[in-house]
$ cat start-v6.csv   # CSV, C-alpha atoms
chain,number,residue,atom,x,y,z
D,1,MET,CA,-28.6,-7.4,-81.0
D,2,THR,CA,-25.4,-5.7,-82.1
D,3,ALA,CA,-22.0,-7.2,-82.0
D,4,ARG,CA,-18.9,-5.1,-81.4
D,5,PRO,CA,-16.7,-5.3,-84.5
D,6,THR,CA,-13.3,-6.9,-84.3
D,7,PRO,CA,-10.5,-4.4,-84.9
D,8,ALA,CA,-8.1,-4.8,-87.9
D,9,GLN,CA,-4.4,-5.5,-87.5
D,10,THR,CA,-1.7,-5.4,-90.1
D,11,ALA,CA,-1.3,-8.4,-92.4
D,12,GLY,CA,2.5,-8.1,-91.7
D,13,PRO,CA,5.5,-9.0,-93.9
D,14,PHE,CA,4.6,-12.7,-94.3
D,15,LEU,CA,1.1,-12.4,-95.6
D,16,SER,CA,1.9,-14.6,-98.6
D,17,LEU,CA,1.9,-17.6,-96.2
D,18,GLY,CA,-1.8,-17.3,-95.8
D,19,LEU,CA,-3.2,-15.2,-98.6
D,20,ASP,CA,-1.6,-16.5,-101.7
D,21,TRP,CA,-3.3,-19.1,-103.8
D,22,ALA,CA,-3.1,-20.7,-107.2
D,23,LEU,CA,-4.5,-18.5,-110.1
D,24,GLY,CA,-5.3,-15.7,-107.6
D,25,PRO,CA,-4.6,-13.1,-110.2
D,26,CYS,CA,-6.9,-14.8,-112.8
D,27,VAL,CA,-10.4,-13.3,-112.2
D,28,VAL,CA,-11.2,-14.9,-115.6
D,29,ASP,CA,-9.4,-17.4,-117.8
D,30,PRO,CA,-6.6,-15.5,-119.7
D,31,ALA,CA,-7.9,-17.1,-122.9
D,32,ALA,CA,-11.4,-15.9,-122.3
D,33,ALA,CA,-13.0,-13.3,-124.7
D,34,GLY,CA,-12.3,-9.8,-123.5
D,35,ALA,CA,-9.6,-10.8,-121.0
D,36,ILE,CA,-7.4,-7.9,-120.1
D,37,GLY,CA,-4.5,-7.3,-117.8
D,38,ILE,CA,-4.8,-4.6,-115.1
D,39,GLY,CA,-1.8,-3.9,-113.0
D,40,GLY,CA,0.9,-1.5,-111.8
D,41,THR,CA,3.3,-0.9,-109.0
D,42,VAL,CA,2.7,-0.2,-105.3
D,43,LEU,CA,5.1,2.5,-104.0
D,44,ASP,CA,5.8,3.9,-100.6
D,45,GLY,CA,6.4,7.5,-99.6
D,46,ARG,CA,10.1,7.4,-100.7
D,47,GLY,CA,9.1,6.0,-104.1
D,48,ASP,CA,10.4,2.5,-103.1
D,49,PRO,CA,8.5,-0.5,-104.3
D,50,VAL,CA,6.2,-2.2,-101.7
D,51,ALA,CA,7.6,-5.8,-102.3
D,52,ASP,CA,5.7,-7.5,-99.5
D,53,GLY,CA,2.1,-6.5,-100.3
D,54,LEU,CA,-1.1,-7.9,-101.6
D,55,VAL,CA,-3.6,-6.3,-103.9
D,56,GLU,CA,-7.2,-7.6,-103.9
D,57,THR,CA,-9.9,-6.5,-106.4
D,58,TRP,CA,-13.6,-6.8,-106.6
D,59,GLN,CA,-15.8,-5.8,-109.6
D,60,ALA,CA,-18.9,-6.3,-111.6
D,61,ASP,CA,-18.9,-8.4,-114.7
D,62,GLY,CA,-18.8,-7.1,-118.3
D,63,ALA,CA,-22.5,-6.3,-118.3
D,64,GLY,CA,-22.5,-4.6,-114.9
D,65,GLY,CA,-23.7,-7.7,-113.0
D,66,VAL,CA,-22.5,-8.1,-109.5
D,67,ALA,CA,-22.6,-11.4,-107.6
D,68,GLU,CA,-25.2,-11.3,-105.0
D,69,PRO,CA,-24.6,-12.3,-101.4
D,70,GLY,CA,-25.5,-16.0,-100.8
D,71,PRO,CA,-24.0,-19.4,-101.0
D,72,PRO,CA,-21.3,-20.0,-103.5
D,73,ARG,CA,-22.6,-21.5,-106.7
D,74,ALA,CA,-20.8,-22.9,-109.7
D,75,GLY,CA,-20.7,-20.7,-112.8
D,76,ARG,CA,-21.3,-17.5,-110.8
D,77,PHE,CA,-19.1,-14.6,-111.8
D,78,ARG,CA,-16.5,-14.5,-109.1
D,79,GLY,CA,-15.3,-11.0,-109.6
D,80,PHE,CA,-12.4,-11.4,-107.1
D,81,GLY,CA,-8.7,-11.2,-107.8
D,82,ARG,CA,-5.7,-11.2,-105.6
D,83,CYS,CA,-2.1,-10.8,-106.5
D,84,LEU,CA,1.0,-10.5,-104.4
D,85,THR,CA,3.4,-7.7,-105.2
D,86,ASP,CA,6.8,-8.9,-106.6
D,87,ALA,CA,10.3,-7.6,-105.7
D,88,ALA,CA,9.7,-4.6,-107.8
D,89,GLY,CA,6.3,-3.9,-106.2
D,90,ARG,CA,4.4,-4.9,-109.3
D,91,TRP,CA,1.1,-6.7,-109.4
D,92,GLU,CA,-1.3,-7.6,-112.3
D,93,ILE,CA,-4.6,-9.3,-112.5
D,94,VAL,CA,-6.4,-10.8,-115.6
D,95,THR,CA,-10.0,-9.9,-115.8
D,96,VAL,CA,-12.7,-8.3,-118.0
D,97,LYS,CA,-13.6,-4.7,-118.0
D,98,PRO,CA,-16.6,-4.3,-115.8
D,99,GLY,CA,-19.8,-2.6,-117.1
D,100,PRO,CA,-21.2,0.6,-115.6
D,101,LEU,CA,-23.4,0.3,-112.5
D,102,PRO,CA,-26.5,2.2,-111.4
D,103,ALA,CA,-26.0,4.7,-108.6
D,104,PRO,CA,-28.5,6.0,-106.2
D,105,GLY,CA,-30.6,8.9,-107.5
D,106,GLY,CA,-30.6,7.7,-111.1
D,107,GLY,CA,-26.9,8.2,-111.7
D,108,VAL,CA,-24.5,5.9,-113.3
D,109,GLU,CA,-21.1,4.8,-111.9
D,110,ALA,CA,-18.4,4.5,-114.5
D,111,PRO,CA,-16.7,1.1,-114.9
D,112,HIS,CA,-14.5,0.5,-111.9
D,113,LEU,CA,-12.9,-2.0,-109.6
D,114,ASP,CA,-12.8,-1.7,-105.8
D,115,VAL,CA,-9.3,-2.4,-104.6
D,116,ALA,CA,-7.9,-3.4,-101.2
D,117,VAL,CA,-4.1,-3.1,-100.4
D,118,PHE,CA,-2.5,-5.1,-97.6
D,119,ALA,CA,1.1,-4.8,-96.4
D,120,ARG,CA,3.4,-4.6,-93.5
D,121,GLY,CA,3.0,-1.0,-92.2
D,122,LEU,CA,-0.7,-0.8,-93.0
D,123,LEU,CA,-2.5,-1.4,-89.7
D,124,ASP,CA,-5.7,-1.7,-91.6
D,125,HIS,CA,-6.0,-2.4,-95.3
D,126,LEU,CA,-6.4,0.5,-97.7
D,127,VAL,CA,-9.3,0.8,-100.0
D,128,THR,CA,-9.2,2.5,-103.4
D,129,ARG,CA,-10.8,2.3,-106.8
D,130,ILE,CA,-9.5,1.8,-110.3
D,131,TYR,CA,-11.3,3.5,-113.3
D,132,PHE,CA,-10.4,3.3,-117.0
D,133,GLY,CA,-8.7,6.1,-118.9
D,134,ASP,CA,-10.5,5.4,-122.1
D,135,GLU,CA,-13.9,6.0,-120.4
D,136,GLU,CA,-13.7,9.7,-120.3
D,137,ALA,CA,-17.4,10.4,-120.7
D,138,ALA,CA,-18.4,7.8,-118.1
D,139,ASN,CA,-15.7,9.0,-115.7
D,140,ALA,CA,-16.9,12.6,-116.1
D,141,GLY,CA,-20.4,11.6,-114.8
D,142,ASP,CA,-19.2,9.2,-112.1
D,143,PRO,CA,-20.5,10.4,-108.7
D,144,VAL,CA,-17.5,9.1,-106.7
D,145,LEU,CA,-15.0,10.8,-109.0
D,146,ARG,CA,-17.1,13.9,-109.0
D,147,SER,CA,-17.1,13.9,-105.2
D,148,LEU,CA,-13.3,14.2,-105.0
D,149,PRO,CA,-11.8,17.6,-104.4
D,150,ASP,CA,-9.8,18.1,-107.6
D,151,ASP,CA,-8.3,16.7,-110.8
D,152,ARG,CA,-5.1,15.6,-109.1
D,153,ALA,CA,-7.1,13.4,-106.8
D,154,ARG,CA,-9.3,12.0,-109.6
D,155,ALA,CA,-6.2,11.2,-111.8
D,156,THR,CA,-4.8,8.9,-109.1
D,157,LEU,CA,-7.7,6.5,-109.7
D,158,VAL,CA,-7.7,6.4,-113.5
D,159,ALA,CA,-5.7,3.6,-115.2
D,160,GLU,CA,-3.9,4.3,-118.5
D,161,ALA,CA,-4.8,2.1,-121.4
D,162,VAL,CA,-1.5,0.4,-122.5
D,163,GLY,CA,-1.0,-2.3,-125.0
D,164,GLY,CA,-4.4,-4.0,-124.6
D,165,GLY,CA,-4.4,-3.6,-120.8
D,166,TYR,CA,-4.4,-1.0,-118.2
D,167,ARG,CA,-1.8,0.3,-115.8
D,168,LEU,CA,-2.1,2.3,-112.6
D,169,ASP,CA,0.5,2.8,-109.9
D,170,ILE,CA,-0.7,3.0,-106.3
D,171,HIS,CA,1.2,5.6,-104.2
D,172,LEU,CA,0.8,5.1,-100.5
D,173,GLN,CA,2.3,8.5,-99.8
D,174,GLY,CA,3.9,11.5,-101.5
D,175,PRO,CA,2.9,14.1,-104.1
D,176,ASP,CA,1.1,11.5,-106.2
D,177,GLU,CA,-0.6,9.9,-103.2
D,178,THR,CA,-3.5,7.8,-104.3
D,179,VAL,CA,-7.0,8.6,-103.1
D,180,PHE,CA,-7.9,6.1,-100.4
D,181,PHE,CA,-11.4,5.7,-99.1
D,182,ARG,CA,-13.1,5.1,-95.8
D,183,VAL,CA,-15.7,2.4,-96.0
Z,1,MET,CA,-26.6,-1.0,-74.7
Z,2,SER,CA,-27.1,2.7,-75.5
Z,3,VAL,CA,-27.1,4.1,-78.9
Z,4,SER,CA,-23.8,5.9,-78.2
Z,5,ASP,CA,-22.2,2.7,-77.0
Z,6,GLU,CA,-23.3,1.1,-80.3
Z,7,ALA,CA,-21.8,3.9,-82.3
Z,8,GLN,CA,-18.6,3.6,-80.3
Z,9,GLY,CA,-18.5,-0.1,-80.8
Z,10,ALA,CA,-19.0,0.3,-84.6
Z,11,GLN,CA,-16.8,3.3,-85.2
Z,12,GLY,CA,-14.1,3.4,-82.6
Z,13,CYS,CA,-12.4,0.0,-83.1
Z,14,HIS,CA,-9.9,0.2,-86.0
Z,15,PRO,CA,-6.3,1.4,-85.7
Z,16,PRO,CA,-5.2,4.6,-87.4
Z,17,TYR,CA,-2.9,4.3,-90.4
Z,18,ALA,CA,-0.3,6.7,-89.0
Z,19,TRP,CA,1.1,5.2,-85.8
Z,20,PRO,CA,4.7,6.4,-85.2
Z,21,GLU,CA,5.4,3.6,-82.6
Z,22,TYR,CA,5.1,1.1,-85.4
Z,23,GLY,CA,8.0,2.1,-87.6
Z,24,SER,CA,6.8,0.6,-90.9
Z,25,THR,CA,3.9,3.0,-91.0
Z,26,ARG,CA,6.2,5.9,-91.5
Z,27,TRP,CA,6.5,5.6,-95.3
Z,28,ARG,CA,3.4,3.6,-95.9
Z,29,ALA,CA,0.5,5.4,-94.0
Z,30,PRO,CA,-1.4,7.8,-96.3
Z,31,GLN,CA,-1.0,11.4,-95.3
Z,32,ARG,CA,-4.0,12.9,-97.0
Z,33,PRO,CA,-7.5,12.7,-95.6
Z,34,LEU,CA,-9.5,9.6,-96.6
Z,35,ALA,CA,-12.3,10.2,-99.1
Z,36,VAL,CA,-15.8,8.9,-98.4
Z,37,LEU,CA,-16.9,5.9,-100.5
Z,38,PRO,CA,-20.7,5.6,-100.7
Z,39,ARG,CA,-22.1,2.1,-100.2
Z,40,ASN,CA,-23.1,1.4,-103.7
Z,41,LEU,CA,-23.3,-1.9,-105.5
Z,42,THR,CA,-19.6,-2.7,-105.6
Z,43,GLU,CA,-19.4,-2.0,-101.8
Z,44,VAL,CA,-22.4,-3.9,-100.6
Z,45,THR,CA,-21.5,-7.1,-102.5
Z,46,GLY,CA,-18.5,-9.2,-102.1
Z,47,PRO,CA,-16.7,-12.3,-103.3
Z,48,LEU,CA,-18.3,-15.7,-102.7
Z,49,LEU,CA,-15.3,-17.9,-102.0
Z,50,GLY,CA,-16.3,-21.4,-101.5
Z,51,ALA,CA,-15.2,-24.9,-100.9
Z,52,ASP,CA,-13.0,-24.9,-104.1
Z,53,ARG,CA,-10.5,-22.9,-102.1
Z,54,VAL,CA,-10.3,-25.3,-99.1
Z,55,GLY,CA,-8.7,-28.7,-99.3
Z,56,LYS,CA,-9.1,-31.6,-97.0
Z,57,GLY,CA,-7.1,-31.1,-93.9
Z,58,ASP,CA,-6.5,-27.4,-94.5
Z,59,ASP,CA,-8.1,-26.8,-91.1
Z,60,ASP,CA,-5.6,-28.9,-89.2
Z,61,LEU,CA,-2.1,-27.4,-89.2
Z,62,THR,CA,-0.7,-30.2,-87.2
Z,63,ARG,CA,-1.3,-32.8,-90.0
Z,64,GLN,CA,0.1,-31.3,-93.1
Z,65,HIS,CA,3.4,-33.2,-92.9
Z,66,ALA,CA,4.7,-36.7,-92.2
Z,67,GLY,CA,5.3,-35.9,-88.5
Z,68,GLU,CA,3.6,-33.8,-85.9
Z,69,PRO,CA,4.9,-30.2,-85.3
Z,70,LEU,CA,6.5,-29.4,-82.0
Z,71,GLY,CA,4.6,-27.2,-79.6
Z,72,GLN,CA,1.5,-27.0,-77.5
Z,73,ARG,CA,-1.4,-28.4,-79.6
Z,74,ILE,CA,-4.5,-26.1,-79.5
Z,75,VAL,CA,-8.0,-25.9,-80.9
Z,76,VAL,CA,-9.1,-22.4,-82.0
Z,77,HIS,CA,-12.7,-22.0,-82.7
Z,78,GLY,CA,-15.4,-19.4,-82.8
Z,79,ARG,CA,-17.9,-17.7,-85.1
Z,80,VAL,CA,-17.8,-15.1,-87.9
Z,81,LEU,CA,-20.6,-12.6,-87.2
Z,82,ASP,CA,-21.9,-9.5,-88.9
Z,83,GLY,CA,-22.4,-6.2,-87.1
Z,84,ALA,CA,-25.9,-7.2,-86.2
Z,85,GLY,CA,-24.6,-10.3,-84.5
Z,86,ARG,CA,-25.9,-12.7,-87.2
Z,87,PRO,CA,-23.7,-15.6,-88.2
Z,88,VAL,CA,-21.9,-15.4,-91.6
Z,89,PRO,CA,-22.3,-19.0,-92.9
Z,90,ASP,CA,-20.2,-20.6,-95.6
Z,91,THR,CA,-17.5,-18.0,-95.6
Z,92,LEU,CA,-13.8,-18.4,-96.0
Z,93,VAL,CA,-11.5,-18.1,-93.0
Z,94,GLU,CA,-7.7,-18.0,-93.6
Z,95,VAL,CA,-5.0,-18.2,-91.0
Z,96,TRP,CA,-1.2,-18.0,-90.9
Z,97,GLN,CA,1.2,-18.0,-88.0
Z,98,ALA,CA,4.7,-18.6,-86.7
Z,99,ASN,CA,5.8,-22.0,-85.3
Z,100,ALA,CA,6.2,-22.8,-81.7
Z,101,ALA,CA,9.7,-21.3,-81.7
Z,102,GLY,CA,8.3,-18.0,-83.1
Z,103,ARG,CA,9.7,-18.5,-86.7
Z,104,TYR,CA,7.7,-18.2,-89.9
Z,105,ARG,CA,8.2,-20.5,-92.8
Z,106,HIS,CA,8.9,-17.5,-95.1
Z,107,ALA,CA,12.0,-16.5,-97.0
Z,108,GLY,CA,11.7,-13.1,-95.3
Z,109,ASP,CA,12.1,-14.5,-91.8
Z,110,GLU,CA,15.8,-15.1,-91.9
Z,111,ARG,CA,16.3,-15.1,-88.1
Z,112,ASP,CA,18.6,-18.0,-87.2
Z,113,SER,CA,18.0,-17.7,-83.5
Z,114,ALA,CA,14.9,-19.9,-83.8
Z,115,PRO,CA,14.5,-23.1,-85.9
Z,116,LEU,CA,12.1,-24.0,-88.6
Z,117,ASP,CA,9.9,-27.0,-87.9
Z,118,PRO,CA,10.0,-29.5,-90.8
Z,119,ASN,CA,6.5,-30.5,-89.8
Z,120,PHE,CA,4.9,-27.1,-89.7
Z,121,SER,CA,3.9,-24.8,-92.6
Z,122,GLY,CA,1.8,-22.5,-90.5
Z,123,ALA,CA,-1.1,-21.8,-92.9
Z,124,GLY,CA,-4.7,-23.0,-92.9
Z,125,ARG,CA,-8.1,-22.4,-94.5
Z,126,THR,CA,-11.6,-23.4,-93.6
Z,127,LEU,CA,-15.2,-22.4,-94.3
Z,128,THR,CA,-17.7,-21.5,-91.6
Z,129,ASP,CA,-20.6,-23.9,-91.2
Z,130,ALA,CA,-24.3,-23.0,-91.4
Z,131,HIS,CA,-24.1,-21.4,-88.0
Z,132,GLY,CA,-21.0,-19.3,-88.9
Z,133,ARG,CA,-18.7,-21.5,-86.9
Z,134,TYR,CA,-15.1,-22.2,-87.7
Z,135,ARG,CA,-12.5,-24.5,-86.1
Z,136,PHE,CA,-8.8,-25.0,-86.5
Z,137,VAL,CA,-6.3,-27.4,-84.9
Z,138,THR,CA,-2.8,-26.0,-84.7
Z,139,ILE,CA,0.0,-25.3,-82.2
Z,140,LYS,CA,0.4,-22.2,-80.1
Z,141,PRO,CA,2.8,-19.9,-82.0
Z,142,GLY,CA,5.8,-18.5,-80.1
Z,143,ALA,CA,6.5,-14.9,-79.4
Z,144,TYR,CA,9.3,-13.5,-81.6
Z,145,PRO,CA,11.7,-10.6,-81.6
Z,146,TRP,CA,11.5,-7.9,-84.3
Z,147,ALA,CA,13.4,-4.8,-85.3
Z,148,ASN,CA,10.8,-2.2,-84.5
Z,149,HIS,CA,12.6,-0.9,-81.4
Z,150,ALA,CA,15.1,-2.0,-78.8
Z,151,ASN,CA,14.2,-5.5,-77.4
Z,152,ALA,CA,10.9,-5.6,-79.3
Z,153,TRP,CA,8.9,-8.8,-79.2
Z,154,ARG,CA,5.6,-9.5,-80.8
Z,155,PRO,CA,3.0,-11.2,-78.5
Z,156,ALA,CA,2.0,-14.7,-79.7
Z,157,HIS,CA,-0.6,-14.3,-82.4
Z,158,ILE,CA,-2.4,-16.0,-85.3
Z,159,HIS,CA,-3.2,-13.9,-88.4
Z,160,PHE,CA,-6.8,-14.2,-89.5
Z,161,SER,CA,-8.4,-13.2,-92.8
Z,162,VAL,CA,-12.2,-13.1,-93.3
Z,163,PHE,CA,-14.5,-11.7,-96.0
Z,164,GLY,CA,-18.0,-11.3,-94.5
Z,165,ARG,CA,-20.7,-10.7,-97.0
Z,166,ALA,CA,-19.5,-7.5,-98.7
Z,167,PHE,CA,-16.3,-5.9,-99.9
Z,168,THR,CA,-16.7,-3.3,-97.1
Z,169,GLU,CA,-16.7,-6.1,-94.5
Z,170,ARG,CA,-13.2,-7.4,-95.5
Z,171,LEU,CA,-11.1,-7.9,-92.4
Z,172,VAL,CA,-7.6,-9.0,-91.8
Z,173,THR,CA,-6.5,-9.1,-88.2
Z,174,GLN,CA,-4.6,-11.0,-85.5
Z,175,MET,CA,-5.9,-13.1,-82.7
Z,176,TYR,CA,-3.9,-13.0,-79.4
Z,177,PHE,CA,-3.8,-15.3,-76.4
Z,178,PRO,CA,-5.1,-14.4,-72.9
Z,179,ASP,CA,-2.9,-12.5,-70.4
Z,180,ASP,CA,0.1,-12.1,-72.7
Z,181,PRO,CA,2.7,-10.1,-70.7
Z,182,LEU,CA,3.9,-8.5,-74.0
Z,183,PHE,CA,0.6,-6.6,-74.6
Z,184,PRO,CA,1.8,-3.3,-73.0
Z,185,TYR,CA,4.9,-3.3,-75.1
Z,186,ASP,CA,3.5,-4.1,-78.5
Z,187,PRO,CA,2.7,-1.1,-80.8
Z,188,ILE,CA,0.6,-3.1,-83.2
Z,189,PHE,CA,-1.8,-4.4,-80.4
Z,190,GLY,CA,-1.5,-0.9,-78.8
Z,191,SER,CA,-2.6,0.8,-82.0
Z,192,VAL,CA,-6.2,-0.3,-81.4
Z,193,PRO,CA,-8.2,1.9,-79.0
Z,194,GLU,CA,-7.9,0.5,-75.5
Z,195,ALA,CA,-11.6,-0.3,-75.2
Z,196,ALA,CA,-11.5,-2.5,-78.3
Z,197,ARG,CA,-8.3,-4.4,-77.5
Z,198,PRO,CA,-10.0,-7.2,-75.6
Z,199,ARG,CA,-11.8,-8.1,-78.8
Z,200,LEU,CA,-8.5,-9.2,-80.3
Z,201,VAL,CA,-7.8,-11.7,-77.4
Z,202,ALA,CA,-9.1,-15.2,-77.5
Z,203,ARG,CA,-10.8,-16.8,-74.4
Z,204,PHE,CA,-9.4,-20.0,-72.8
Z,205,ASP,CA,-12.2,-22.5,-73.4
Z,206,LEU,CA,-12.2,-25.5,-71.1
Z,207,ASP,CA,-15.2,-26.9,-72.9
Z,208,ALA,CA,-13.2,-26.9,-76.2
Z,209,THR,CA,-10.2,-28.4,-74.5
Z,210,GLU,CA,-9.7,-32.0,-75.5
Z,211,PRO,CA,-8.6,-34.2,-72.6
Z,212,GLY,CA,-5.1,-35.4,-72.9
Z,213,TRP,CA,-4.7,-33.8,-76.3
Z,214,ALA,CA,-5.2,-30.1,-76.9
Z,215,LEU,CA,-6.1,-26.8,-75.2
Z,216,GLY,CA,-9.1,-24.9,-76.4
Z,217,PHE,CA,-9.4,-21.3,-77.3
Z,218,GLN,CA,-12.6,-19.5,-78.4
Z,219,TRP,CA,-12.6,-16.3,-80.5
Z,220,ASP,CA,-15.5,-14.7,-82.4
Z,221,ILE,CA,-14.8,-12.4,-85.3
Z,222,VAL,CA,-17.2,-9.6,-86.0
Z,223,VAL,CA,-17.0,-8.0,-89.4
Z,224,GLY,CA,-18.5,-4.7,-90.5
Z,225,GLY,CA,-16.7,-2.3,-88.2
Z,226,ARG,CA,-17.1,1.1,-89.8
Z,227,ARG,CA,-14.2,3.4,-90.1
Z,228,PRO,CA,-15.0,6.7,-88.5
Z,229,THR,CA,-16.3,9.2,-91.0
Z,230,PRO,CA,-16.3,12.7,-89.4
Z,231,LEU,CA,-18.3,14.4,-92.1
Z,232,GLU,CA,-20.8,11.6,-92.6
Z,233,ARG,CA,-24.4,12.3,-92.1
Z,234,PRO,CA,-27.1,9.8,-91.4
Z,235,ALA,CA,-28.8,8.5,-94.6
Z,236,PRO,CA,-32.0,10.3,-95.4
$ encode --input "start-v6.csv" --output "structure tokens"
Amino acid sequence: MTARPTPAQTAGPFLSLGLDWALGPCVVDPAAAGAIGIGGTVLDGRGDPVADGLVETWQADGAGGVAEPGPPRAGRFRGFGRCLTDAAGRWEIVTVKPGPLPAPGGGVEAPHLDVAVFARGLLDHLVTRIYFGDEEAANAGDPVLRSLPDDRARATLVAEAVGGGYRLDIHLQGPDETVFFRV
Amino acid sequence: MSVSDEAQGAQGCHPPYAWPEYGSTRWRAPQRPLAVLPRNLTEVTGPLLGADRVGKGDDDLTRQHAGEPLGQRIVVHGRVLDGAGRPVPDTLVEVWQANAAGRYRHAGDERDSAPLDPNFSGAGRTLTDAHGRYRFVTIKPGAYPWANHANAWRPAHIHFSVFGRAFTERLVTQMYFPDDPLFPYDPIFGSVPEAARPRLVARFDLDATEPGWALGFQWDIVVGGRRPTPLERPAP
């Protein structure tokens, strides 16, 4: 039996009513060992901030462990963050840097987060990834980064190490348009 | 159902990003082709969001204040299913909506032609049960005008957010009500391929209607709709 999938619709300008929650940006306790900030600004095709958006993240833990599907259980690594963008389009989560993950064919995926962007004007959410600028060797071997057409595209996914955290702007359009994925 | 029907069902349902009739897409829809993301570990797993995110009464939007909200009381229920038709149990469902007058309790909804309701916040959460079932009690949201084009009105809708079992199954969408006369004029509803639009519309459900109290509507949500991937080849 197959079921016909439900189409997506935009989250609209008032998504904060339903999708905001306490400590959403805290994937880990900010006081936890290895806690880092990862954030940036979401910008539209005119370079204006997207002030009514939401960024969600999903990632492996520091050792490359990923929560398996199944019933929720206390103590499991949650791996999920969500942060509304502010009036300047900024968002930031507090998390740990994920470990590398095995890829099919014996390869290794460099440390990364999967990212979903929701906003008015996005009929379906956008999916992208965040890699880490201080993981040059791992990034060079990452099969997803290698599959992209050129260095411009790859650079849109690599966060810069800044002051103990990482920063990456998400450009919905324009010369610096972020690489977005079909899933 | 033929194989091609299945493929159409799985691949032909989501709206495009660029949709000129919906003005907000103009500066926000990506212009470059989407890249293909393989389904590796990060994509086939997803957050396990449990009962710690759902408080008592979060599934009844009519009882979150001292008094009852104005409007037609309704029960909205259904199941969260995966693409194989299997229920997704214990999964978070989030909703938000306008009040009966078509006004959102949000600082960005500054329209003074419709009142706020002091007894209605318009947001709810619940978990599906072991059979993938969810149920909310709320009031029917009103249609509301918006600035997209001349005399533009959104059909009544409830925003839904579900997670499924994997990051790639994440789905945020809107549930509509049967026979809304605004459907032909709404560019957001109309952004979905015509054959898939009925899947956004709830069914009036007399069996879920509670005598003397609330109208029932039934709406199943199926996650896992794949975005079309023209260059994709079948897995070896």
$ residues_around --input "start-v6.csv" --residues "D:Thr128" --least-positions-apart "4" --cutoff "10 Å" --atoms "all atoms listed in the file" --output "ChimeraX atom specification"
/D:57,113-117,156-157,170,178-183 /Z:34-35,37
$ atom_distance --input "start-v6.csv" --atom1 "atom CA of D:Asp44" --atom2 "atom CA of D:Arg152"
18.1 Å
$ interface_residues --input "start-v6.csv" --of "chain Z" --to "chain D" --cutoff "6 Å" --atoms "all atoms listed in the file" --output "number ranges by chain"
Z: 9, 13-14, 17, 24-25, 27-28, 30, 34-37, 47-48, 50, 83-85, 95-96, 123, 168, 172-174, 199, 221-223, 225
$ write_last_selection --input "start-v6.csv" --atoms "C-alpha atoms" --output "mmCIF file, in the frame of the given file"
data_model
loop_
_atom_site.group_PDB
_atom_site.id
_atom_site.type_symbol
_atom_site.label_atom_id
_atom_site.label_comp_id
_atom_site.auth_asym_id
_atom_site.auth_seq_id
_atom_site.Cartn_x
_atom_site.Cartn_y
_atom_site.Cartn_z
ATOM 1 C CA GLY Z 9 -18.500 -0.100 -80.800
ATOM 2 C CA CYS Z 13 -12.400 0.000 -83.100
ATOM 3 C CA HIS Z 14 -9.900 0.200 -86.000
ATOM 4 C CA TYR Z 17 -2.900 4.300 -90.400
ATOM 5 C CA SER Z 24 6.800 0.600 -90.900
ATOM 6 C CA THR Z 25 3.900 3.000 -91.000
ATOM 7 C CA TRP Z 27 6.500 5.600 -95.300
ATOM 8 C CA ARG Z 28 3.400 3.600 -95.900
ATOM 9 C CA PRO Z 30 -1.400 7.800 -96.300
ATOM 10 C CA LEU Z 34 -9.500 9.600 -96.600
ATOM 11 C CA ALA Z 35 -12.300 10.200 -99.100
ATOM 12 C CA VAL Z 36 -15.800 8.900 -98.400
ATOM 13 C CA LEU Z 37 -16.900 5.900 -100.500
ATOM 14 C CA PRO Z 47 -16.700 -12.300 -103.300
ATOM 15 C CA LEU Z 48 -18.300 -15.700 -102.700
ATOM 16 C CA GLY Z 50 -16.300 -21.400 -101.500
ATOM 17 C CA GLY Z 83 -22.400 -6.200 -87.100
ATOM 18 C CA ALA Z 84 -25.900 -7.200 -86.200
ATOM 19 C CA GLY Z 85 -24.600 -10.300 -84.500
ATOM 20 C CA VAL Z 95 -5.000 -18.200 -91.000
ATOM 21 C CA TRP Z 96 -1.200 -18.000 -90.900
ATOM 22 C CA ALA Z 123 -1.100 -21.800 -92.900
ATOM 23 C CA THR Z 168 -16.700 -3.300 -97.100
ATOM 24 C CA VAL Z 172 -7.600 -9.000 -91.800
ATOM 25 C CA THR Z 173 -6.500 -9.100 -88.200
ATOM 26 C CA GLN Z 174 -4.600 -11.000 -85.500
ATOM 27 C CA ARG Z 199 -11.800 -8.100 -78.800
ATOM 28 C CA ILE Z 221 -14.800 -12.400 -85.300
ATOM 29 C CA VAL Z 222 -17.200 -9.600 -86.000
ATOM 30 C CA VAL Z 223 -17.000 -8.000 -89.400
ATOM 31 C CA GLY Z 225 -16.700 -2.300 -88.200
#
$ atom_distance --input "start-v6.csv" --atom1 "atom CA of Z:Glu169" --atom2 "atom CA of Z:Thr45"
9.4 Å
$ atom_distance --input "start-v6.csv" --atom1 "atom CA of Z:Asp180" --atom2 "atom CA of Z:Ala156"
7.7 Å
$ residues_around --input "start-v6.csv" --residues "Z:Thr128" --least-positions-apart "3" --cutoff "6 Å" --atoms "all atoms listed in the file" --output "PDB file with C-alpha atoms, in the coordinates of the input"
ATOM      1  CA  PRO Z  89     -22.300 -19.000 -92.900  1.00  0.00           C
ATOM      2  CA  ASP Z  90     -20.200 -20.600 -95.600  1.00  0.00           C
ATOM      3  CA  THR Z  91     -17.500 -18.000 -95.600  1.00  0.00           C
ATOM      4  CA  GLY Z 132     -21.000 -19.300 -88.900  1.00  0.00           C
ATOM      5  CA  ARG Z 133     -18.700 -21.500 -86.900  1.00  0.00           C
ATOM      6  CA  TYR Z 134     -15.100 -22.200 -87.700  1.00  0.00           C
TER       7      TYR Z 134
END
$ closest_residue --input "start-v6.csv" --among "Z:Leu61, Z:Ala166, Z:Ala98, Z:Val75" --to "Z:Asn119" --atoms "all atoms listed in the file"
Z:Leu61
